[in-house]
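Here's run-v7.txt, which has compact mmCIF, C-alpha atoms:
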```txt
# COMPACT_ATOMS: atom_id res chain seq x y z
CA MET A 2 0.00 0.00 0.00
CA SER A 3 2.74 2.45 0.93
CA HIS A 4 4.53 1.93 -2.40
CA ARG A 5 1.49 3.48 -4.13
CA VAL A 6 1.78 6.61 -2.04
CA ILE A 7 5.44 7.26 -2.81
CA PRO A 8 5.05 8.26 -6.46
CA VAL A 9 2.32 10.74 -5.47
CA VAL A 10 4.56 12.31 -2.86
CA VAL A 11 7.47 12.48 -5.29
CA VAL A 12 5.34 14.17 -7.92
CA ALA A 13 3.99 16.63 -5.35
CA LEU A 14 7.49 17.47 -4.14
CA ALA A 15 8.78 17.88 -7.67
CA GLY A 16 5.85 20.16 -8.47
CA ALA A 17 6.48 22.27 -5.38
CA ALA A 18 10.17 22.52 -6.23
CA GLY A 19 9.31 23.57 -9.75
CA LEU A 20 7.03 26.27 -8.45
CA TRP A 21 9.67 27.42 -6.00
CA PHE A 22 12.26 27.71 -8.77
CA ALA A 23 9.84 29.53 -11.01
CA ALA A 24 8.89 31.96 -8.25
CA SER A 25 12.47 32.72 -7.24
CA GLY A 26 13.48 33.08 -10.87
CA ALA A 27 10.76 35.64 -11.54
CA ALA A 28 11.36 37.66 -8.39
CA ALA A 29 15.10 38.21 -8.55
CA GLY A 30 18.38 36.98 -9.91
CA PRO A 31 20.27 38.15 -12.98
CA SER A 32 17.47 37.01 -15.27
CA ALA A 33 14.91 39.49 -13.85
CA LYS A 34 13.34 41.58 -16.57
CA HIS A 35 12.46 45.23 -16.14
CA THR A 36 10.41 47.35 -18.49
CA VAL A 37 10.02 51.11 -18.79
CA THR A 38 7.15 52.22 -20.99
CA ILE A 39 7.54 55.38 -23.05
CA GLU A 40 4.16 56.97 -23.55
CA ALA A 41 2.79 60.51 -23.89
CA THR A 42 6.38 61.73 -24.06
CA SER A 43 7.30 60.40 -20.60
CA TYR A 44 9.03 57.41 -19.01
CA LYS A 45 6.88 55.15 -16.85
CA PRO A 46 8.06 54.48 -14.22
CA GLU A 47 10.24 57.55 -14.07
CA THR A 48 12.67 55.89 -11.63
CA ILE A 49 13.54 52.22 -11.81
CA THR A 50 15.77 50.25 -9.43
CA VAL A 51 17.57 47.16 -10.68
CA LYS A 52 20.36 44.90 -9.55
CA LYS A 53 23.77 44.93 -11.22
CA GLY A 54 23.76 42.60 -14.19
CA GLU A 55 20.03 42.92 -14.85
CA SER A 56 18.55 44.34 -18.02
CA VAL A 57 16.00 47.06 -18.59
CA THR A 58 13.95 47.32 -21.76
CA TRP A 59 12.38 50.60 -22.83
CA VAL A 60 9.28 50.13 -24.99
CA ASN A 61 8.21 53.11 -27.09
CA LYS A 62 4.43 53.25 -27.34
CA ASP A 63 4.37 56.78 -28.78
CA PRO A 64 3.83 57.23 -32.52
CA PHE A 65 7.19 59.00 -32.92
CA PRO A 66 10.82 58.25 -31.91
CA HIS A 67 12.44 58.87 -28.52
CA THR A 68 15.88 58.25 -27.03
CA VAL A 69 17.16 57.02 -23.67
CA THR A 70 20.37 58.95 -23.16
CA ALA A 71 22.66 59.36 -20.15
CA ALA A 72 25.52 61.48 -21.50
CA GLY A 73 28.76 59.55 -21.43
CA LYS A 74 27.09 56.44 -19.92
CA PHE A 75 24.61 54.99 -22.37
CA ASP A 76 22.64 56.10 -25.41
CA SER A 77 19.87 54.20 -27.15
CA LYS A 78 19.95 56.58 -30.15
CA SER A 79 16.57 56.86 -31.85
CA ILE A 80 14.00 54.25 -30.70
CA ALA A 81 11.33 54.11 -33.41
CA ALA A 82 7.58 54.13 -32.75
CA ASN A 83 6.62 50.72 -31.34
CA GLY A 84 10.31 49.90 -31.05
CA LYS A 85 12.31 48.91 -27.99
CA TRP A 86 15.82 49.10 -26.60
CA THR A 87 17.48 47.01 -23.91
CA TYR A 88 20.30 48.07 -21.64
CA LYS A 89 22.24 45.72 -19.40
CA ALA A 90 23.12 47.50 -16.16
CA THR A 91 26.72 46.49 -15.59
CA LYS A 92 27.78 49.42 -13.38
CA ALA A 93 26.31 50.24 -9.97
CA GLY A 94 25.14 53.78 -9.36
CA GLU A 95 22.36 56.23 -10.09
CA PHE A 96 22.04 57.44 -13.65
CA SER A 97 19.79 60.25 -14.85
CA TYR A 98 18.80 60.09 -18.46
CA ILE A 99 16.79 62.17 -20.93
CA CYS A 100 15.35 61.98 -24.41
CA THR A 101 17.59 64.12 -26.59
CA LEU A 102 14.66 64.74 -28.96
CA HIS A 103 12.33 65.88 -26.15
CA PRO A 104 14.63 67.14 -23.37
CA ASN A 105 11.67 67.58 -21.00
CA MET A 106 11.59 63.78 -20.65
CA LYS A 107 13.58 62.73 -17.63
CA GLY A 108 14.19 59.34 -16.04
CA THR A 109 16.50 57.69 -13.52
CA ILE A 110 17.90 54.19 -13.29
CA LYS A 111 19.30 53.05 -9.94
CA VAL A 112 21.65 50.10 -10.20
CA GLU A 113 22.31 48.38 -6.86
CA MET B 23 12.14 92.83 -39.48
CA ASN B 24 9.77 90.42 -41.15
CA VAL B 25 10.59 87.77 -38.62
CA LYS B 26 9.61 90.01 -35.72
CA LEU B 27 6.32 90.87 -37.38
CA LEU B 28 5.65 87.22 -38.04
CA LEU B 29 6.39 86.26 -34.48
CA ALA B 30 4.00 88.90 -33.27
CA ALA B 31 1.35 87.59 -35.65
CA VAL B 32 1.85 83.98 -34.59
CA LEU B 33 1.73 84.88 -30.92
CA ALA B 34 -1.30 87.08 -31.29
CA ALA B 35 -3.26 84.78 -33.60
CA PRO B 36 -4.68 82.30 -31.07
CA ALA B 37 -5.73 85.06 -28.68
CA LEU B 38 -7.51 86.89 -31.48
CA ALA B 39 -9.13 83.91 -33.07
CA PHE B 40 -10.42 82.13 -29.97
CA ALA B 41 -12.96 84.80 -29.14
CA GLN B 42 -15.46 81.96 -28.78
CA ALA B 43 -14.87 78.34 -27.88
CA PRO B 44 -14.35 76.10 -30.91
CA ASN B 45 -16.39 72.91 -31.29
CA ASP B 46 -14.81 69.44 -31.68
CA ALA B 47 -14.87 69.55 -35.49
CA GLN B 48 -13.05 72.89 -35.38
CA ILE B 49 -10.61 71.63 -32.74
CA ALA B 50 -9.77 68.64 -34.94
CA HIS B 51 -9.13 71.06 -37.82
CA ILE B 52 -6.93 73.28 -35.64
CA VAL B 53 -4.86 70.28 -34.49
CA VAL B 54 -4.32 69.07 -38.05
CA THR B 55 -3.53 72.59 -39.34
CA ALA B 56 -1.11 73.34 -36.50
CA ASN B 57 0.79 70.14 -37.24
CA GLN B 58 0.74 70.71 -41.00
CA VAL B 59 2.18 74.21 -40.64
CA ASP B 60 5.16 72.84 -38.73
CA ILE B 61 5.60 69.95 -41.18
CA ASP B 62 5.80 72.43 -44.07
CA ALA B 63 8.40 74.60 -42.32
CA GLY B 64 10.30 71.47 -41.28
CA LYS B 65 10.42 70.11 -44.83
CA LEU B 66 11.89 73.37 -46.06
CA ALA B 67 14.44 73.51 -43.22
CA GLN B 68 15.43 69.87 -43.67
CA GLY B 69 16.83 70.78 -47.06
CA LYS B 70 17.92 74.37 -46.45
CA ALA B 71 19.31 74.54 -42.93
CA LYS B 72 23.04 75.08 -42.59
CA SER B 73 23.82 73.37 -39.31
CA LYS B 74 23.33 69.65 -38.76
CA GLU B 75 21.60 70.29 -35.46
CA VAL B 76 18.94 72.47 -37.11
CA LYS B 77 18.55 70.00 -39.97
CA ASP B 78 18.06 67.14 -37.49
CA PHE B 79 15.56 69.17 -35.51
CA ALA B 80 13.61 69.97 -38.68
CA LYS B 81 13.58 66.29 -39.62
CA GLN B 82 12.28 65.43 -36.17
CA MET B 83 9.51 68.03 -36.48
CA VAL B 84 8.38 66.45 -39.76
CA THR B 85 8.40 62.96 -38.20
CA ASP B 86 6.71 63.89 -34.92
CA HIS B 87 4.04 66.21 -36.32
CA SER B 88 3.25 63.79 -39.17
CA ALA B 89 2.70 61.03 -36.60
CA VAL B 90 0.44 63.25 -34.50
CA ASN B 91 -1.49 64.26 -37.59
CA LYS B 92 -2.06 60.66 -38.55
CA GLN B 93 -3.41 60.00 -35.06
CA ALA B 94 -5.67 63.05 -35.23
CA LYS B 95 -6.98 62.17 -38.69
CA ASP B 96 -7.56 58.54 -37.70
CA LEU B 97 -9.45 59.62 -34.60
CA ALA B 98 -11.58 62.11 -36.54
CA ALA B 99 -12.48 59.35 -39.00
CA LYS B 100 -13.28 56.94 -36.18
CA LEU B 101 -15.48 59.51 -34.44
CA LYS B 102 -17.03 60.49 -37.77
CA VAL B 103 -16.02 64.09 -37.14
CA LYS B 104 -15.39 66.10 -40.28
CA PRO B 105 -12.70 68.67 -39.44
CA GLU B 106 -14.22 72.11 -39.92
CA ASP B 107 -12.27 75.14 -41.10
CA ASN B 108 -12.35 78.13 -38.76
CA PRO B 109 -10.62 81.49 -38.17
CA THR B 110 -7.96 79.98 -35.91
CA SER B 111 -6.98 77.40 -38.52
CA GLN B 112 -6.93 80.14 -41.13
CA SER B 113 -4.62 82.37 -39.13
CA LEU B 114 -2.36 79.42 -38.33
CA LYS B 115 -2.22 78.57 -42.02
CA LYS B 116 -1.56 82.18 -43.01
CA GLY B 117 1.18 82.46 -40.35
CA GLY B 118 2.75 79.26 -41.67
CA GLU B 119 2.67 80.44 -45.28
CA ASP B 120 4.18 83.81 -44.36
CA ASN B 121 6.89 82.05 -42.38
CA VAL B 122 7.79 79.76 -45.29
CA LYS B 123 7.85 82.77 -47.61
CA THR B 124 10.24 84.63 -45.30
CA LEU B 125 12.43 81.56 -44.82
CA LYS B 126 12.72 81.02 -48.57
CA GLY B 127 14.37 84.43 -48.85
CA LEU B 128 17.05 83.59 -46.29
CA LYS B 129 20.08 81.33 -46.23
CA GLY B 130 22.94 80.13 -44.06
CA ASP B 131 23.02 81.25 -40.43
CA ALA B 132 20.22 83.77 -41.02
CA PHE B 133 17.94 80.98 -42.22
CA ASP B 134 18.79 78.75 -39.26
CA LYS B 135 18.17 81.55 -36.78
CA ALA B 136 14.87 82.62 -38.33
CA TYR B 137 13.63 79.02 -38.50
CA VAL B 138 14.55 78.22 -34.90
CA ASP B 139 13.22 81.55 -33.57
CA HIS B 140 9.93 80.84 -35.29
CA GLU B 141 9.83 77.28 -33.93
CA VAL B 142 10.20 78.63 -30.39
CA ALA B 143 7.42 81.19 -30.88
CA TYR B 144 5.20 78.73 -32.75
CA HIS B 145 5.40 75.96 -30.14
CA GLN B 146 4.81 78.47 -27.36
CA ALA B 147 1.74 79.81 -29.17
CA VAL B 148 0.37 76.33 -29.82
CA LEU B 149 0.92 75.33 -26.17
CA ASP B 150 -0.98 78.43 -25.06
CA ALA B 151 -3.82 77.48 -27.40
CA ILE B 152 -3.78 73.88 -26.12
CA ASP B 153 -3.96 75.01 -22.48
CA LYS B 154 -6.33 77.93 -22.79
CA THR B 155 -8.67 76.76 -25.52
CA LEU B 156 -8.29 73.29 -27.02
CA ILE B 157 -8.23 71.15 -23.85
CA PRO B 158 -10.89 73.19 -21.99
CA SER B 159 -13.19 73.27 -25.05
CA ALA B 160 -12.88 69.67 -26.31
CA LYS B 161 -16.11 67.80 -25.59
CA ASN B 162 -15.26 64.30 -26.85
CA ALA B 163 -13.17 62.41 -24.29
CA GLU B 164 -10.96 60.71 -26.91
CA LEU B 165 -10.22 63.99 -28.66
CA LYS B 166 -9.37 65.64 -25.34
CA ASP B 167 -7.21 62.65 -24.40
CA LEU B 168 -5.29 62.85 -27.68
CA ILE B 169 -4.48 66.52 -27.08
CA VAL B 170 -3.52 65.88 -23.44
CA LYS B 171 -1.19 63.03 -24.50
CA VAL B 172 0.40 65.05 -27.28
CA ARG B 173 0.95 68.17 -25.18
CA PRO B 174 4.23 66.96 -23.56
CA ALA B 175 5.72 66.41 -27.02
CA PHE B 176 5.08 70.09 -27.83
CA VAL B 177 6.77 71.03 -24.53
CA GLY B 178 9.69 68.83 -25.60
CA HIS B 179 9.91 70.53 -28.99
CA LEU B 180 9.82 73.95 -27.34
CA GLU B 181 12.64 73.04 -24.95
CA HIS B 182 14.65 71.45 -27.75
CA ALA B 183 14.22 74.54 -29.96
CA LYS B 184 15.16 76.85 -27.07
CA MET B 185 18.29 74.79 -26.44
CA ILE B 186 19.37 75.19 -30.07
CA GLN B 187 18.42 78.89 -29.96
CA SER B 188 20.54 79.53 -26.85
CA LYS B 189 23.62 78.11 -28.57
CA MET B 190 23.16 80.52 -31.48
CA LYS B 191 23.49 83.68 -29.41
```
Rewrite the coordinates I just gave you, this time as structure tokens.
Amino acid sequence: MSHRVIPVVVVALAGAAGLWFAASGAAAGPSAKHTVTIEATSYKPETITVKKGESVTWVNKDPFPHTVTAAGKFDSKSIAANGKWTYKATKAGEFSYICTLHPNMKGTIKVE
Amino acid sequence: MNVKLLLAAVLAAPALAFAQAPNDAQIAHIVVTANQVDIDAGKLAQGKAKSKEVKDFAKQMVTDHSAVNKQAKDLAAKLKVKPEDNPTSQSLKKGGEDNVKTLKGLKGDAFDKAYVDHEVAYHQAVLDAIDKTLIPSAKNAELKDLIVKVRPAFVGHLEHAKMIQSKMK
């Protein structure tokens, strides 16, 4: 009788472990994905905090191009309408960036 | 001297023309005309400007305002609103034509300066119209939303133009 229970327990444990891995993978670690939406000529969220080694993708939902530019640090150049650009945060620190086409657009990325 | 007169006309136009609140069909027409005026000036400057910075700015104006115009035209079609000509559109159009005429007579640094000066005045005038008339008067929620969402781009253009202008002095 007990030998019939074992496979059930094993499957349950494996399932729980799978869930645990999935949950931890989504919450943190170098594979975490971050997105900043560009809409109505602004960055949302305006400030984003990420861990060193993680990537941030800016998605342009406006009908015209924008840039993500931190002078001397990183520069997306023109991101077309409906286009996106990904930056891998390899250096810790706080970086302010703007859109060179619309200099009223301001954002900050904090790399911990 | 022409430039100064033109600037005065552009700045004064919205205040003069908005004696009464425009309806949505007129607002749609004003939005499309305002964008078209800047596209026309931008197309001229793209080819004629001396500095790369001014050329790039002109190219951006054509791209951005064309995109906004497509949105505005698509929305008008969706809402079955037929854009209706009105005194504000007419003065915007006249101001744009006069500007292009003046610009055609200039070249080199003088062209760049006149174009950028006009862009500063034009975007300021359009922002005033957006804040004082277009947003408060728009009845349809989607039309109002389009203008609200586009407004920050006009602020961006104004700041960008002012940045270029400050380097010229």
Exercise. Give the residues of chain A that lie within 9 Å of chain B; count only C-alpha atoms, and format the answer as an MDAnalysis selection string.
Key: chainID A and resid 40:43 64:66 100:106
Those residues with C-alpha atoms, as a PDB file, keeping the file's coordinate frame please?
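To be explicit, this is the file written out as again13.pdb:
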```pdb
ATOM      1  CA  GLU A  40       4.160  56.970 -23.550  1.00  0.00           C
ATOM      2  CA  ALA A  41       2.790  60.510 -23.890  1.00  0.00           C
ATOM      3  CA  THR A  42       6.380  61.730 -24.060  1.00  0.00           C
ATOM      4  CA  SER A  43       7.300  60.400 -20.600  1.00  0.00           C
ATOM      5  CA  PRO A  64       3.830  57.230 -32.520  1.00  0.00           C
ATOM      6  CA  PHE A  65       7.190  59.000 -32.920  1.00  0.00           C
ATOM      7  CA  PRO A  66      10.820  58.250 -31.910  1.00  0.00           C
ATOM      8  CA  CYS A 100      15.350  61.980 -24.410  1.00  0.00           C
ATOM      9  CA  THR A 101      17.590  64.120 -26.590  1.00  0.00           C
ATOM     10  CA  LEU A 102      14.660  64.740 -28.960  1.00  0.00           C
ATOM     11  CA  HIS A 103      12.330  65.880 -26.150  1.00  0.00           C
ATOM     12  CA  PRO A 104      14.630  67.140 -23.370  1.00  0.00           C
ATOM     13  CA  ASN A 105      11.670  67.580 -21.000  1.00  0.00           C
ATOM     14  CA  MET A 106      11.590  63.780 -20.650  1.00  0.00           C
TER      15      MET A 106
END
```
Practice problem: Can you work out which one of A:Ile49, A:Ala71, A:Ile110, A:Val60 has the shortest atom-to-atom distance to Thr87 of chain A, counting all atoms listed in the file? | Solution: A:Val60
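The coordinates place atom CA of Ala50 of chain B at 17.0 Å from atom CA of Ala147 of chain B.
Atom CA of Phe96 of chain A lies 25.3 Å from atom CA of Glu75 of chain B.
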Set out as a Markdown table a contact list for segment 126-173 of chain B and segment 56-62 of chain B with a cut-off of 10 Å, giving each residue of segment 126-173 of chain B that qualifies its closest atom pair and distance in Å to one decimal, counting all atoms listed in the file, ordered by chain and rising residue number.
```
| residue | atom | partner | partner_atom | distance |
| --- | --- | --- | --- | --- |
| B:His140 | CA | B:Asp60 | CA | 9.9 |
| B:Glu141 | CA | B:Asp60 | CA | 8.0 |
| B:Tyr144 | CA | B:Asp60 | CA | 8.4 |
| B:His145 | CA | B:Asp60 | CA | 9.1 |
| B:Val148 | CA | B:Ala56 | CA | 7.5 |
```
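Distances here use all atoms listed in the file; by that measure, the residue among A:Glu47, A:Glu95, A:Glu113, A:Glu55 closest to His35 of chain A is A:Glu55.
For the choices B:Gln187, B:Asp107, B:Leu165, B:Gly64, the atom-to-atom distance to Asn121 of chain B is smallest for B:Gly64 when using all atoms listed in the file.
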Practice problem: Please measure the separation of atom CA of Asn91 of chain B and atom CA of Thr55 of chain B, giving the value in Å to one decimal. | Solution: 8.8 Å
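Of the listed residues A:Thr91, A:Thr36, A:Thr109, A:Thr70, the one whose atoms come nearest to Val57 of chain A is A:Thr36, with distances taken using all atoms listed in the file.
Minimum atom-to-atom distance to Asp96 of chain B, evaluated using all atoms listed in the file, belongs to B:Glu164 out of B:Asp120, B:Asp134, B:Glu164, B:Asp150.
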